[in-house]
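Here's the structure we're looking at; comments come further down.
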Number of protein chains: 2
Amino acid sequence: MNLADNIKVIREEKSLKQIEVASHIGVDKSAYSKIEKGLRALTIDELQKIAQLFNMTTDQVINYDGKMPKEVTLEDKTAVEQMRLIQQLDEDDRQTIFKLIDKMLTNKKFKDFFQKNVAAL
Amino acid sequence: MNLADNIKVIREEKSLKQIEVASHIGVDKSAYSKIEKGLRALTIDELQKIAQLFNMTTDQVINYDGKMPKEVTLEDKTAVEQMRLIQQLDEDDRQTIFKLIDKMLTNKKFKDFFQKNVAAL
DNA sequence: TTTTTTGTTGCGAAAAAGGAAACATATAAT
DNA sequence: ATTATATGTTTCCTTTTTCGCAACAAAAAA
């Protein structure tokens with residue numbers, strides 16, 4: 001999908017008319033039509049205004065991909081990326097994870113302790 | 001800071017010459033000079049190529065604020081600590097955590113997706 | 001069907017971009 | 001310092017793009 005198509009699709013998802021987006025970015029409706037048809041390029045300024053109207057970042061508009069989200073797998077990601085993803089969790093989910101980790105760590109400490117002090121008996 | 005300034009500052013931080021960026025985006029050096037001086041607008045296409053050359057997203061270039069990296073700022077210092085603790089877990093416990101986080105993240109993505117695309121129905 | 005709304009196309013005028021070359025400034029070498 | 005070289009800027013004219021009205025076409029509503 002190219003940028004022109006992205007904008008058209010997103011605009012339609014938001015049930016906006018061409019004229020509404022056009023006036024928001026300050027161009028004639030004919031010019032806007034050309035934009036969606038790929039007959040005239042969007043300026044960065046216009047893109048930013050459109051993104052603002054759509055409540056999205058410019059990157060999200062540029063890389064828009066209407067397809068369903070794909071699964072996430074942390075395992076193969078770098079630690080930095082893992083952190084970034086964990087930060088994205090909702091507050092309560094993150095709480096759950098941390099509590100679980102606390103339990104696991106506590107558990108491990110006991111396990112290690114017995115391993116070292118009791119197994120020798 | 002405006003976009004033209006951002007690009008200039010970032011280019012200089014990366015020790016690139018105007019001519020190098022110019023040829024990467026396919027314009028004459030004089031045109032590129034005009035871009036940095038704000039005498040001619042960047043196209044979205046050019047912005048994307050520049051972002052690629054700079055190893056940044058277009059949003060990062062647009063919203064660049066001069067302040068240096070934030071590899072690990074105080075704010076997410078706790079996150080680093082969190083990761084350090086997770087690394088200490090036994091392999092199978094870590095697997096469990098990761099799988100759970102994966103599920104939560106995937107879940108959240110779907111939730112957000114439906115929020116945006118289906119909730120309006 | 002007949003209206004009304006929404007989107008597209010044609011066209012001359014106006015604005016912007018292209019790029020070669022002259023010019024200016026900074027950096028390096030002698 | 002002076003000269004050379006590398007880097008960045010400006011001028012000037014040509015080419016390309018955009019402008020926006022108005023006519024046109026298509027779709028939706030009445």
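Each chain of the structure tokens is named A, B, ... in the order shown, its residues numbered from 1; ligands are numbered from 1 in display order.
For chain B, the residues close to chain A, meaning within 6 Å and counting only C-alpha atoms, are Thr43, Ile44, Phe98, Asp102 and Thr106 of chain B.
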Tell me, as a PyMOL selection string, which residues lie within 12 Å of Ala22 of chain B, counting only C-alpha atoms (C1' of nucleotides); anything in the same chain fewer than 4 positions away does not count.
chain B and resi 7-8+11+16-18+26-36+42+46-47+49-50+53
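Around DG10 of chain C, within 12 Å and counting only C-alpha atoms (C1' of nucleotides), the residues found are A:Ser30, D:DG20, D:DC21, D:DA22, D:DA23, D:DC24, once anything fewer than 6 positions away on its own chain is removed.
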Give the residues of chain D that lie within 10 Å of chain B; count only C-alpha atoms (C1' of nucleotides), and format the answer as a ChimeraX atom specification.
/D:7-10
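Using only C-alpha atoms (C1' of nucleotides), one finds that the residues of chain C close to chain A, at 8 Å or less, are DT6, DG7 and DT8 of chain C.
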How would the residues just chosen look if you wrote them out with N, CA and C atoms (P, O5', C5', C4', C3', O3' and C1' of nucleotides) as a PDB file, in the first residue's frame?
```pdb
ATOM      1  P    DT C   6     -21.813  15.100   1.043  1.00  0.00           P
ATOM      2  O5'  DT C   6     -20.828  14.426  -0.007  1.00  0.00           O
ATOM      3  C5'  DT C   6     -20.991  13.039  -0.298  1.00  0.00           C
ATOM      4  C4'  DT C   6     -20.084  12.647  -1.436  1.00  0.00           C
ATOM      5  C3'  DT C   6     -18.628  13.089  -1.274  1.00  0.00           C
ATOM      6  O3'  DT C   6     -17.825  11.925  -1.252  1.00  0.00           O
ATOM      7  C1'  DT C   6     -19.436  13.508  -3.476  1.00  0.00           C
ATOM      8  P    DG C   7     -16.235  12.007  -1.096  1.00  0.00           P
ATOM      9  O5'  DG C   7     -15.749  11.940  -2.616  1.00  0.00           O
ATOM     10  C5'  DG C   7     -16.003  10.754  -3.358  1.00  0.00           C
ATOM     11  C4'  DG C   7     -15.589  10.950  -4.799  1.00  0.00           C
ATOM     12  C3'  DG C   7     -14.114  11.309  -5.031  1.00  0.00           C
ATOM     13  O3'  DG C   7     -13.570  10.398  -5.971  1.00  0.00           O
ATOM     14  C1'  DG C   7     -15.524  12.762  -6.245  1.00  0.00           C
ATOM     15  P    DT C   8     -12.075  10.546  -6.487  1.00  0.00           P
ATOM     16  O5'  DT C   8     -12.249  11.232  -7.920  1.00  0.00           O
ATOM     17  C5'  DT C   8     -13.034  10.565  -8.893  1.00  0.00           C
ATOM     18  C4'  DT C   8     -12.927  11.275 -10.224  1.00  0.00           C
ATOM     19  C3'  DT C   8     -11.509  11.532 -10.723  1.00  0.00           C
ATOM     20  O3'  DT C   8     -11.426  11.030 -12.042  1.00  0.00           O
ATOM     21  C1'  DT C   8     -12.800  13.519 -10.818  1.00  0.00           C
TER      22       DT C   8
END
```
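Across the model, the gap from atom C1' of DA17 of chain C to atom CA of Glu20 of chain A is 29.0 Å.
Taking atom C1' of DT25 of chain C as the reference point, atom C1' of DT11 of chain D is found at 16.9 Å.
With only C-alpha atoms (C1' of nucleotides) taken into account, the protein and nucleic acid residues at most 9 Å from DA16 of chain C (excluding it and anything under 3 positions from it in its own chain) are Arg40 of chain B; DT16, DT17 and DT18 of chain D.
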File of the preceding selection, C-alpha atoms (C1' of nucleotides), as a PDB file, in the first residue's frame:
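Saved as result_10.pdb:
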```
ATOM      1  CA  ARG B  40      12.771  24.465  -0.452  1.00  0.00           C
TER       2      ARG B  40
ATOM      3  C1'  DT D  16       7.992  20.715 -13.764  1.00  0.00           C
ATOM      4  C1'  DT D  17       4.428  20.843 -10.485  1.00  0.00           C
ATOM      5  C1'  DT D  18       0.634  22.823  -8.271  1.00  0.00           C
TER       6       DT D  18
END
```
Just the number, please: distance in Å from atom C1' of DT2 of chain D to atom C1' of DT30 of chain C, one decimal.
8.6 Å
